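Shown next: data.cif, containing mmCIF, C-alpha atoms.
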data_data
#
loop_
_atom_site.label_atom_id
_atom_site.label_comp_id
_atom_site.auth_asym_id
_atom_site.auth_seq_id
_atom_site.Cartn_x
_atom_site.Cartn_y
_atom_site.Cartn_z
CA MET D 505 94.89 -110.43 -131.31
CA GLN D 506 96.28 -108.23 -134.05
CA PHE D 507 99.01 -105.60 -134.27
CA SER D 508 99.57 -103.25 -137.20
CA PHE D 509 100.67 -99.85 -138.41
CA LEU D 510 98.11 -97.92 -140.39
CA PHE D 511 98.70 -94.57 -142.08
CA SER D 512 96.21 -92.40 -143.91
CA LYS D 513 96.36 -88.86 -145.24
CA THR D 514 94.27 -86.35 -147.11
CA ARG D 515 95.27 -83.79 -149.70
CA LEU D 516 95.37 -80.18 -148.58
CA LYS D 517 92.50 -79.23 -150.86
CA GLN D 518 89.34 -80.09 -148.93
CA VAL D 519 86.77 -78.93 -151.50
CA SER D 520 85.36 -82.44 -151.65
CA ARG D 521 86.77 -84.36 -148.71
CA ALA D 522 85.35 -87.76 -149.63
CA ALA D 523 86.50 -87.48 -153.25
CA SER D 524 90.02 -86.25 -152.51
CA ARG D 525 90.94 -88.55 -149.65
CA LEU D 526 94.30 -90.25 -150.15
CA VAL D 527 95.11 -93.08 -147.79
CA LEU D 528 98.51 -94.60 -147.13
CA PHE D 529 99.09 -97.72 -145.10
CA PHE D 530 102.29 -99.12 -143.60
CA PHE D 531 101.20 -102.49 -142.24
CA LEU D 532 103.07 -104.96 -140.06
CA LEU D 533 101.45 -108.35 -140.60
CA ALA D 534 99.32 -109.52 -137.71
CA ILE D 535 100.74 -112.07 -135.28
CA SER D 536 98.27 -114.37 -133.54
CA ALA D 537 98.49 -114.90 -129.81
CA GLY D 538 99.18 -118.58 -130.31
CA SER D 539 102.29 -117.93 -132.35
CA PHE D 540 104.07 -116.42 -129.36
CA SER D 541 104.23 -119.71 -127.51
CA SER D 542 105.60 -121.55 -130.52
CA VAL D 543 108.28 -118.90 -131.08
CA SER D 544 109.48 -118.86 -127.49
CA ALA D 545 109.57 -122.66 -127.43
CA GLN D 546 112.54 -122.71 -129.82
CA SER D 547 115.52 -124.80 -128.79
CA ASP D 548 118.43 -123.31 -126.90
CA ASN D 549 120.53 -123.34 -130.08
CA THR D 550 120.88 -119.73 -131.22
CA PRO D 551 119.28 -118.86 -134.59
CA PHE D 552 121.77 -116.04 -135.14
CA PRO D 553 124.76 -116.21 -137.51
CA GLN D 554 128.11 -117.25 -136.10
CA ALA D 555 130.02 -114.37 -134.52
CA THR D 556 132.82 -112.73 -136.49
CA ASP D 557 135.50 -110.29 -135.37
CA LEU D 558 134.87 -106.69 -136.37
CA GLN D 559 137.57 -104.97 -138.39
CA HIS D 560 138.71 -101.59 -137.09
CA GLY D 561 141.06 -99.16 -138.77
CA PRO D 562 143.04 -96.42 -137.02
CA PRO D 563 140.96 -93.68 -135.35
CA LEU D 564 139.84 -90.82 -137.56
CA THR D 565 142.03 -87.75 -137.34
CA ASN D 566 140.63 -84.25 -137.04
CA GLN D 567 141.81 -83.48 -140.57
CA GLU D 568 140.11 -86.58 -142.01
CA TYR D 569 136.83 -85.79 -140.31
CA VAL D 570 136.77 -82.13 -141.36
CA ALA D 571 137.53 -83.15 -144.96
CA MET D 572 134.59 -85.56 -144.82
CA LEU D 573 132.32 -82.78 -143.54
CA TYR D 574 133.20 -80.52 -146.46
CA GLN D 575 132.47 -83.36 -148.87
CA LEU D 576 129.13 -83.89 -147.10
CA SER D 577 127.93 -80.41 -147.96
CA LYS D 578 128.53 -81.20 -151.63
CA ASN D 579 127.22 -84.77 -151.50
CA PRO D 580 124.60 -85.44 -148.76
CA GLY D 581 124.71 -89.15 -149.63
CA GLU D 582 128.11 -89.33 -147.88
CA ARG D 583 126.43 -88.97 -144.49
CA ASP D 584 125.96 -92.71 -143.94
CA ARG D 585 129.57 -93.45 -144.93
CA ILE D 586 130.83 -90.88 -142.40
CA ILE D 587 128.70 -92.41 -139.64
CA ASP D 588 129.96 -95.87 -140.58
CA GLU D 589 133.59 -94.69 -140.43
CA ILE D 590 133.07 -93.04 -137.03
CA ARG D 591 131.45 -96.18 -135.62
CA LYS D 592 134.07 -98.57 -136.92
CA ARG D 593 137.20 -96.47 -136.36
CA GLY D 594 136.31 -94.04 -133.60
CA ILE D 595 137.93 -90.60 -133.34
CA GLY D 596 141.41 -89.63 -132.19
CA PHE D 597 140.70 -85.97 -131.37
CA PRO D 598 138.74 -84.08 -128.67
CA LEU D 599 135.24 -83.01 -129.59
CA THR D 600 135.14 -79.22 -129.20
CA ALA D 601 132.22 -76.80 -129.40
CA GLY D 602 133.70 -75.40 -132.61
CA LEU D 603 133.78 -78.84 -134.23
CA LEU D 604 130.20 -79.53 -133.17
CA GLY D 605 129.19 -76.20 -134.71
CA LEU D 606 130.93 -77.07 -137.98
CA THR D 607 129.24 -80.47 -137.96
CA ALA D 608 125.83 -78.84 -137.53
CA THR D 609 126.50 -76.34 -140.34
CA LYS D 610 127.80 -78.86 -142.87
CA SER D 611 125.24 -81.59 -142.08
CA GLY D 612 122.12 -79.47 -141.79
CA ASN D 613 121.89 -80.17 -138.04
CA ASP D 614 121.77 -83.92 -138.60
CA SER D 615 120.93 -85.38 -135.19
CA LEU D 616 122.19 -88.91 -135.89
CA LEU D 617 125.61 -87.70 -137.07
CA ARG D 618 126.00 -85.53 -133.96
CA HIS D 619 124.84 -88.37 -131.70
CA THR D 620 127.32 -90.81 -133.30
CA LEU D 621 130.16 -88.30 -132.97
CA GLU D 622 129.38 -87.66 -129.28
CA GLU D 623 129.31 -91.39 -128.55
CA ALA D 624 132.67 -91.82 -130.32
CA ASN D 625 134.07 -89.09 -128.10
CA ARG D 626 132.84 -90.94 -125.00
CA ARG D 627 134.65 -94.04 -126.25
CA ARG D 628 137.82 -91.97 -126.78
CA VAL D 629 137.68 -90.65 -123.21
CA ASN D 630 136.67 -93.96 -121.63
CA PRO D 631 137.74 -96.75 -124.01
CA THR D 632 137.28 -99.53 -121.45
CA GLY D 633 133.76 -98.69 -120.28
CA THR D 634 132.40 -97.98 -123.77
CA SER D 635 134.19 -100.53 -125.93
CA LEU D 636 132.40 -103.23 -127.89
CA PRO D 637 132.50 -106.62 -126.17
CA PRO D 638 134.15 -109.55 -127.96
CA SER D 639 131.99 -110.81 -130.81
CA ALA D 640 131.11 -114.06 -129.03
CA GLU D 641 129.94 -112.11 -125.99
CA GLY D 642 127.87 -109.80 -128.20
CA LEU D 643 126.22 -112.83 -129.76
CA ALA D 644 125.37 -114.15 -126.29
CA VAL D 645 123.78 -110.78 -125.40
CA LEU D 646 121.68 -110.97 -128.57
CA GLU D 647 120.50 -114.48 -127.76
CA ARG D 648 119.52 -113.54 -124.19
CA THR D 649 117.67 -110.52 -125.57
CA ARG D 650 115.75 -112.74 -128.00
CA LYS D 651 114.59 -115.05 -125.22
CA ALA D 652 113.70 -112.20 -122.84
CA THR D 653 111.72 -110.36 -125.53
CA LEU D 654 109.67 -113.39 -126.55
CA ALA D 655 109.03 -114.39 -122.94
CA ALA D 656 107.82 -110.87 -122.05
CA THR D 657 105.38 -110.91 -124.97
CA GLU D 658 103.52 -113.82 -123.41
CA HIS D 659 102.96 -111.88 -120.18
CA MET D 660 101.73 -108.54 -121.48
CA PRO D 661 99.22 -106.99 -119.05
CA ASP D 662 95.82 -105.57 -119.91
CA TYR D 663 96.45 -101.83 -119.88
CA LEU D 664 95.17 -98.39 -120.78
CA VAL D 665 97.39 -95.64 -122.22
CA LYS D 666 96.97 -92.27 -123.91
CA GLN D 667 98.72 -91.35 -127.13
CA GLN D 668 99.55 -87.69 -127.71
CA ILE D 669 100.10 -87.40 -131.46
CA THR D 670 101.58 -84.43 -133.29
CA ARG D 671 100.96 -84.75 -137.03
CA SER D 672 103.06 -82.93 -139.63
CA ARG D 673 103.57 -82.86 -143.38
CA ALA D 674 106.25 -81.65 -145.79
CA TYR D 675 106.41 -81.36 -149.57
CA GLY D 676 108.96 -82.16 -152.23
CA GLY D 677 111.18 -84.28 -150.00
CA THR D 678 112.31 -81.21 -148.03
CA SER D 679 111.58 -82.52 -144.49
CA ASN D 680 110.45 -78.99 -143.67
CA TRP D 681 107.74 -80.18 -141.31
CA ASN D 682 104.60 -78.14 -140.72
CA VAL D 683 102.31 -79.26 -137.90
CA TYR D 684 98.71 -79.51 -139.05
CA ASP D 685 97.03 -80.89 -135.91
CA ARG D 686 97.44 -82.60 -132.54
CA LEU D 687 95.42 -85.60 -131.43
CA SER D 688 94.74 -87.28 -128.11
CA ILE D 689 93.86 -90.98 -128.35
CA ALA D 690 92.89 -93.45 -125.62
CA VAL D 691 94.17 -96.98 -126.29
CA SER D 692 93.17 -100.07 -124.33
CA TYR D 693 94.89 -103.43 -124.69
CA ARG D 694 93.63 -106.86 -123.63
CA GLN D 695 95.21 -110.20 -124.44
CA ASN D 696 91.89 -111.64 -125.65
CA VAL D 697 90.71 -108.77 -127.89
CA GLY D 698 93.82 -106.76 -128.73
CA GLU D 699 93.51 -102.97 -128.97
CA GLN D 700 90.56 -100.61 -128.89
CA TYR D 701 90.81 -96.90 -129.68
CA LYS D 702 88.90 -93.76 -128.80
CA LEU D 703 89.60 -90.32 -130.20
CA LEU D 704 89.55 -87.95 -127.20
CA SER D 705 90.39 -84.59 -128.76
CA VAL D 706 91.60 -82.79 -131.89
CA ASN D 707 93.62 -79.64 -131.19
CA GLY D 708 92.29 -79.72 -127.63
CA MET D 709 88.64 -79.86 -128.68
CA PRO D 710 86.33 -82.90 -128.32
CA PRO D 711 85.74 -84.63 -131.65
CA ASN D 712 82.38 -84.92 -133.35
CA GLU D 713 80.41 -87.88 -132.10
CA ASP D 714 80.56 -89.66 -135.47
CA GLU D 715 84.37 -89.52 -135.49
CA GLN D 716 84.83 -91.69 -132.39
CA GLU D 717 86.13 -95.16 -133.19
CA GLY D 718 86.42 -98.61 -131.62
CA SER D 719 89.02 -100.98 -133.10
CA THR D 720 90.41 -98.16 -135.29
CA TYR D 721 90.21 -94.38 -135.45
CA GLY D 722 90.64 -91.67 -138.04
CA ASP D 723 88.56 -92.95 -140.95
CA LYS D 724 86.52 -89.73 -140.86
CA LEU D 725 89.28 -87.68 -139.30
CA GLY D 726 91.66 -87.81 -142.28
CA GLY D 727 95.37 -87.16 -142.08
CA THR D 728 98.02 -89.72 -141.16
CA THR D 729 96.91 -92.18 -138.47
CA SER D 730 98.58 -95.20 -136.91
CA THR D 731 97.11 -98.15 -135.05
CA GLY D 732 98.75 -101.16 -133.47
CA GLU D 733 101.17 -101.94 -130.70
CA TYR D 734 104.86 -102.19 -131.41
CA VAL D 735 105.78 -105.24 -129.34
CA SER D 736 104.95 -107.35 -132.41
CA MET D 737 107.77 -105.71 -134.37
CA MET D 738 110.43 -107.09 -132.04
CA THR D 739 108.65 -110.44 -131.80
CA GLN D 740 108.76 -110.78 -135.57
CA LEU D 741 112.39 -109.64 -135.68
CA PHE D 742 113.51 -112.25 -133.14
CA ASP D 743 111.44 -115.08 -134.61
CA PRO D 744 114.04 -117.58 -135.97
CA ALA D 745 111.82 -118.14 -139.02
CA THR D 746 112.51 -114.53 -140.07
CA GLN D 747 116.24 -115.34 -140.37
CA ALA D 748 117.22 -111.79 -139.49
CA GLU D 749 120.91 -111.03 -139.97
CA PHE D 750 122.55 -109.11 -137.12
CA GLU D 751 125.86 -107.31 -136.76
CA MET D 752 127.22 -105.65 -133.62
CA VAL D 753 128.35 -102.20 -134.76
CA ASP D 754 128.49 -99.69 -131.94
CA THR D 755 127.97 -98.73 -128.31
CA ASP D 756 125.74 -95.94 -127.08
CA THR D 757 124.41 -94.35 -123.91
CA LEU D 758 120.63 -94.11 -124.00
CA ARG D 759 118.77 -92.43 -121.14
CA GLY D 760 121.72 -93.19 -118.89
CA LYS D 761 121.85 -96.87 -119.90
CA ARG D 762 124.88 -98.45 -121.55
CA THR D 763 123.76 -100.15 -124.73
CA ILE D 764 125.12 -102.21 -127.60
CA VAL D 765 123.86 -101.23 -131.05
CA PHE D 766 123.12 -104.04 -133.52
CA GLU D 767 122.27 -103.51 -137.16
CA TYR D 768 119.81 -105.98 -138.62
CA ARG D 769 118.34 -106.93 -141.98
CA VAL D 770 115.28 -108.98 -142.95
CA LYS D 771 115.08 -109.99 -146.59
CA ARG D 772 111.93 -109.38 -148.55
CA ASP D 773 111.23 -113.06 -149.25
CA LEU D 774 111.23 -113.77 -145.49
CA SER D 775 109.43 -110.59 -144.44
CA HIS D 776 105.89 -110.15 -143.16
CA GLN D 777 106.02 -106.39 -143.50
CA ALA D 778 103.80 -104.84 -146.15
CA LEU D 779 103.02 -101.39 -147.53
CA LYS D 780 99.44 -100.68 -148.58
CA PHE D 781 98.24 -97.75 -150.67
CA GLN D 782 94.70 -96.52 -151.28
CA ALA D 783 94.05 -93.64 -153.66
CA GLY D 784 90.52 -92.86 -152.46
CA ILE D 785 87.87 -93.85 -149.98
CA ASN D 786 86.05 -95.98 -152.56
CA THR D 787 89.19 -97.28 -154.27
CA ALA D 788 90.69 -100.71 -153.72
CA ALA D 789 93.99 -100.74 -151.86
CA THR D 790 97.19 -102.07 -153.40
CA GLN D 791 99.82 -103.84 -151.31
CA THR D 792 103.41 -104.96 -151.61
CA ILE D 793 105.68 -106.95 -149.31
CA VAL D 794 108.95 -105.19 -148.45
CA GLY D 795 112.15 -106.04 -146.66
CA TYR D 796 113.29 -104.01 -143.71
CA ARG D 797 116.46 -103.16 -141.85
CA GLY D 798 117.65 -100.84 -139.13
CA ARG D 799 119.13 -100.91 -135.63
CA ILE D 800 118.27 -102.01 -132.12
CA TRP D 801 119.77 -100.61 -128.91
CA VAL D 802 120.17 -103.38 -126.31
CA ASP D 803 120.62 -102.62 -122.61
CA ARG D 804 123.90 -104.28 -121.58
CA ASP D 805 122.61 -104.93 -118.07
CA ASP D 806 119.02 -106.09 -118.69
CA ASP D 807 119.29 -107.66 -122.19
CA ARG D 808 116.23 -105.76 -123.40
CA VAL D 809 115.69 -103.54 -126.43
CA LEU D 810 115.43 -99.85 -125.46
CA ARG D 811 115.14 -98.47 -128.99
CA MET D 812 114.19 -99.96 -132.33
CA GLU D 813 114.71 -98.31 -135.71
CA THR D 814 113.00 -99.80 -138.75
CA ILE D 815 113.48 -98.75 -142.39
CA SER D 816 111.53 -100.34 -145.25
CA VAL D 817 113.72 -101.47 -148.15
CA GLU D 818 113.26 -103.35 -151.42
CA ILE D 819 110.20 -101.23 -152.20
CA PRO D 820 109.15 -101.71 -155.87
CA PRO D 821 110.12 -98.57 -157.82
CA ASP D 822 106.61 -98.07 -159.23
CA PHE D 823 104.86 -98.28 -155.86
CA PRO D 824 103.29 -94.96 -154.67
CA ILE D 825 104.86 -95.21 -151.21
CA THR D 826 108.56 -94.56 -151.68
CA ALA D 827 109.83 -94.71 -148.07
CA ALA D 828 108.59 -95.72 -144.62
CA SER D 829 110.45 -95.67 -141.32
CA SER D 830 109.91 -95.63 -137.58
CA VAL D 831 111.95 -95.05 -134.43
CA ILE D 832 110.40 -96.42 -131.23
CA ASP D 833 111.75 -95.80 -127.73
CA TYR D 834 110.85 -98.27 -124.97
CA ASP D 835 110.92 -97.55 -121.26
CA TRP D 836 109.94 -99.27 -118.02
CA VAL D 837 106.46 -98.54 -116.69
CA THR D 838 104.72 -99.98 -113.64
CA ILE D 839 101.29 -101.53 -114.12
CA ASN D 840 99.63 -103.16 -111.14
CA ASP D 841 102.95 -103.10 -109.22
CA VAL D 842 104.80 -104.97 -112.01
CA SER D 843 107.38 -103.38 -114.33
CA HIS D 844 106.90 -103.81 -118.08
CA LEU D 845 108.95 -102.50 -121.01
CA LEU D 846 106.52 -100.61 -123.26
CA PRO D 847 106.68 -97.84 -125.87
CA SER D 848 107.30 -94.34 -124.53
CA ARG D 849 107.70 -92.53 -127.84
CA ALA D 850 107.48 -93.27 -131.56
CA VAL D 851 108.32 -91.18 -134.60
CA ILE D 852 106.83 -92.56 -137.81
CA GLU D 853 107.55 -91.11 -141.24
CA LEU D 854 106.64 -92.05 -144.78
CA SER D 855 106.94 -90.55 -148.23
CA SER D 856 104.57 -90.87 -151.15
CA ARG D 857 104.54 -90.06 -154.83
CA LEU D 858 101.31 -89.55 -156.76
CA GLY D 859 102.02 -88.25 -160.26
CA VAL D 860 104.28 -85.23 -159.86
CA GLN D 861 103.25 -84.64 -156.26
CA ARG D 862 105.72 -85.73 -153.56
CA GLU D 863 104.67 -85.57 -149.95
CA GLN D 864 106.07 -86.63 -146.58
CA THR D 865 104.06 -87.29 -143.44
CA ARG D 866 105.24 -87.61 -139.87
CA ASN D 867 103.54 -88.72 -136.67
CA ASP D 868 105.30 -87.99 -133.36
CA ILE D 869 103.60 -90.13 -130.71
CA LEU D 870 104.03 -89.88 -126.94
CA PHE D 871 102.62 -92.68 -124.74
CA ARG D 872 101.39 -91.35 -121.41
CA GLY D 873 99.60 -92.60 -118.29
CA TYR D 874 99.93 -96.38 -118.52
CA ARG D 875 97.69 -98.14 -116.02
CA LYS D 876 95.88 -101.45 -115.57
CA PHE D 877 92.68 -101.74 -117.59
CA GLY D 878 89.97 -103.64 -115.74
CA THR D 879 87.76 -106.19 -117.45
CA GLU D 880 84.66 -104.33 -116.30
CA VAL D 881 85.66 -101.10 -118.10
CA LYS D 882 84.95 -100.28 -121.76
CA ILE D 883 87.05 -97.99 -123.90
CA THR D 884 83.93 -95.97 -124.74
CA ASP D 885 83.71 -94.96 -121.06
CA ILE D 886 87.18 -93.38 -121.07
CA ASP D 887 87.77 -89.63 -121.28
CA GLU D 888 90.63 -87.16 -120.65
CA SER D 889 90.01 -87.22 -116.88
CA ASP D 890 91.16 -90.86 -116.76
CA PHE D 891 94.75 -89.79 -117.53
CA PRO D 892 97.29 -87.58 -115.76
CA ALA D 893 97.98 -84.08 -117.07
CA ASP D 894 100.05 -83.94 -120.24
CA LYS D 895 103.80 -83.50 -119.84
CA PRO D 896 105.99 -81.28 -122.04
CA GLU D 897 107.34 -83.00 -125.11
CA GLU D 898 110.77 -84.61 -124.78
CA ALA D 899 113.67 -84.39 -127.20
CA GLU D 900 112.84 -86.66 -130.11
CA PRO D 901 114.83 -89.82 -130.86
CA PRO D 902 117.28 -89.55 -133.77
CA ARG D 903 115.46 -90.04 -137.07
CA PRO D 904 116.70 -92.99 -139.16
CA GLY D 905 118.56 -92.11 -142.30
CA ASN D 906 119.16 -94.35 -145.25
CA ALA D 907 119.36 -98.07 -144.63
CA PRO D 908 122.67 -98.98 -142.95
CA VAL D 909 125.22 -100.94 -144.92
CA LEU D 910 125.64 -104.40 -143.47
CA LYS D 911 128.52 -106.78 -143.85
CA PRO D 912 127.72 -110.09 -145.56
CA VAL D 913 127.10 -112.76 -142.97
CA PRO D 914 129.85 -115.44 -143.21
CA PRO D 915 128.81 -119.08 -143.52
CA LYS D 916 128.72 -121.09 -140.32
CA LYS D 917 131.75 -123.19 -139.61
CA PRO D 918 131.16 -126.93 -139.75
#
When written as structure tokens, how does the structure in this file appear?
Amino acid sequence: MQFSFLFSKTRLKQVSRAASRLVLFFFLLAISAGSFSSVSAQSDNTPFPQATDLQHGPPLTNQEYVAMLYQLSKNPGERDRIIDEIRKRGIGFPLTAGLLGLTATKSGNDSLLRHTLEEANRRRVNPTGTSLPPSAEGLAVLERTRKATLAATEHMPDYLVKQQITRSRAYGGTSNWNVYDRLSIAVSYRQNVGEQYKLLSVNGMPPNEDEQEGSTYGDKLGGTTSTGEYVSMMTQLFDPATQAEFEMVDTDTLRGKRTIVFEYRVKRDLSHQALKFQAGINTAATQTIVGYRGRIWVDRDDDRVLRMETISVEIPPDFPITAASSVIDYDWVTINDVSHLLPSRAVIELSSRLGVQREQTRNDILFRGYRKFGTEVKITDIDESDFPADKPEEAEPPRPGNAPVLKPVPPKKP
């Protein structure tokens, strides 16, 4: 059984498609089925660092926040510092429509800044219901989440799901996304064989027969593609051998659920995450191991991860891929009368540099129509009629910004 991310893209000029094909890969190292049992068999002693008390300053005043906004328009790099200040200090003023409008104007409609500000306002209005728990309690939530996540991985059902993928590109680091096509992909998952893929349609039209795939798709299709299930990302994160560093930083309300937000970091020398780059269809790929960091949103009631943000860091400066990130939302689906927490949406972005050309690619993936996949059925027998009608696209999850700044983890007390 193998899980991975795979990205590929072609240049706009299609004069000679085979000669001009540029392929980018963002690959999460495969995890064998047997490794799950060894991970979940860890002792009851938590692998996480000892809890520390968070330091909070006085709430931000309206004047302080507005001054920060005006600095943001001059220095976009201040955005992460503003978010960090809001999370740690909160706000001491009501959030008005005028202030939200100013925030949108000065931040370029930054969704994460607005979301953080709105959550801080909820904490101001209801400080008891939205406050961070004591650090020891937060650590206990994290440990229960680790055990629940690893246990659920061992009981994944065989299922069938459709991916609706909107693919976009932008140039020069502008993030001015232009949609270039829409794909429909059937994905089957079985514990014994992993995933199988079938390309159902491109822009609503059936693909050419020679573009249908089995264990992968998109080799002849071109553009950015992704393969692999995302449960492995959390499994790797919660594996004690990864030695991920966690810090409880915020609260949030996600799809009506009260959550605790933890920042995490995995160092490069302990990471299994790799970036792979291939300059042409007949060219050998190059690969580099990278660290990664980001945030997870943990349901305070169920101790399960509802959202995971991952940002690649420690990328060698001479590597053609300069940035890679993903935001994955998880939701409960019923398969064979049993509820399972599985991906509902993913937004995957990466940036590349080839000579003077800078390009960004983005895949927005919706997961639709989960159902049990019988052993007697083959993925090649699946077509659009096996899935319910497509639903309208939902509001996208906030896109990750630069890697969050984490506090150094204090040494454990003897």
Hits of the PyMOL selection byres ((chain D and resi 673) around 9) in this structure, as a PyMOL selection string: chain D and resi 671-672+674-675+679-684+863-867
Evaluate the PyMOL selection byres ((chain D and resi 591-605) around 8) and report residues as a VMD selection string: chain D and resid 559 to 566 587 to 590 606 to 609 618 620 622 624 to 625 627 to 628 753 to 754
Can you work out which one of D:Ile669, D:Met738, D:Ser692, D:Asp662 has the shortest atom-to-atom distance to Gly708 of chain D, counting only C-alpha atoms?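 Of D:Ile669, D:Met738, D:Ser692, D:Asp662, the one nearest Gly708 of chain D is D:Ile669, counting only C-alpha atoms.
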Translate the PyMOL selection byres ((chain D and resi 693) around 8) into a concrete residue list for this structure, as a compact mmCIF listing (two decimals) with C-alpha atoms, in the coordinates of the input.
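After the write, selection.txt holds the following:
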# COMPACT_ATOMS: atom_id res chain seq x y z
CA PRO D 661 99.22 -106.99 -119.05
CA ASP D 662 95.82 -105.57 -119.91
CA TYR D 663 96.45 -101.83 -119.88
CA LEU D 664 95.17 -98.39 -120.78
CA VAL D 691 94.17 -96.98 -126.29
CA SER D 692 93.17 -100.07 -124.33
CA ARG D 694 93.63 -106.86 -123.63
CA GLN D 695 95.21 -110.20 -124.44
CA VAL D 697 90.71 -108.77 -127.89
CA GLY D 698 93.82 -106.76 -128.73
CA GLU D 699 93.51 -102.97 -128.97
CA GLN D 700 90.56 -100.61 -128.89
CA PHE D 877 92.68 -101.74 -117.59
Could you jot down the atom CA of His776 of chain D to atom CA of Gln740 of chain D separation for me, Å, one decimal place? 8.1 Å
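We find atom CA of Thr792 of chain D and atom CA of Pro820 of chain D to be spaced 7.9 Å apart.
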Closest to Val770 of chain D among D:Gln747, D:Asn630, D:Asn579, D:Ser705, using all atoms listed in the file? D:Gln747
For Ala778 of chain D, the closest of D:Ile800, D:Leu654, D:Ile825, D:Val809 counting all atoms listed in the file is D:Ile825
Give me the residues within 8 Å of Ile839 of chain D as a list in words, counting all atoms listed in the file and dropping any in the same chain fewer than 2 places off.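 Once the adjacent positions are removed, what remains is Pro661, Tyr663, Val837, Asp841, Val842, Ser843, His844, Tyr874, Arg875 and Lys876 of chain D.
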Padding 3 Å on every side, please: axis-aligned box over the listed atoms of segment 650-653 of chain D, centre and edge lengths to one decimal in Å, as JSON.
{"center_x": 113.7, "center_y": -112.7, "center_z": -125.4, "size_x": 10.0, "size_y": 10.7, "size_z": 11.2}
What gap, in Å, lies between atom CA of Ser635 of chain D and atom CA of Asp584 of chain D?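 Distance between the two atoms: 21.3 Å.
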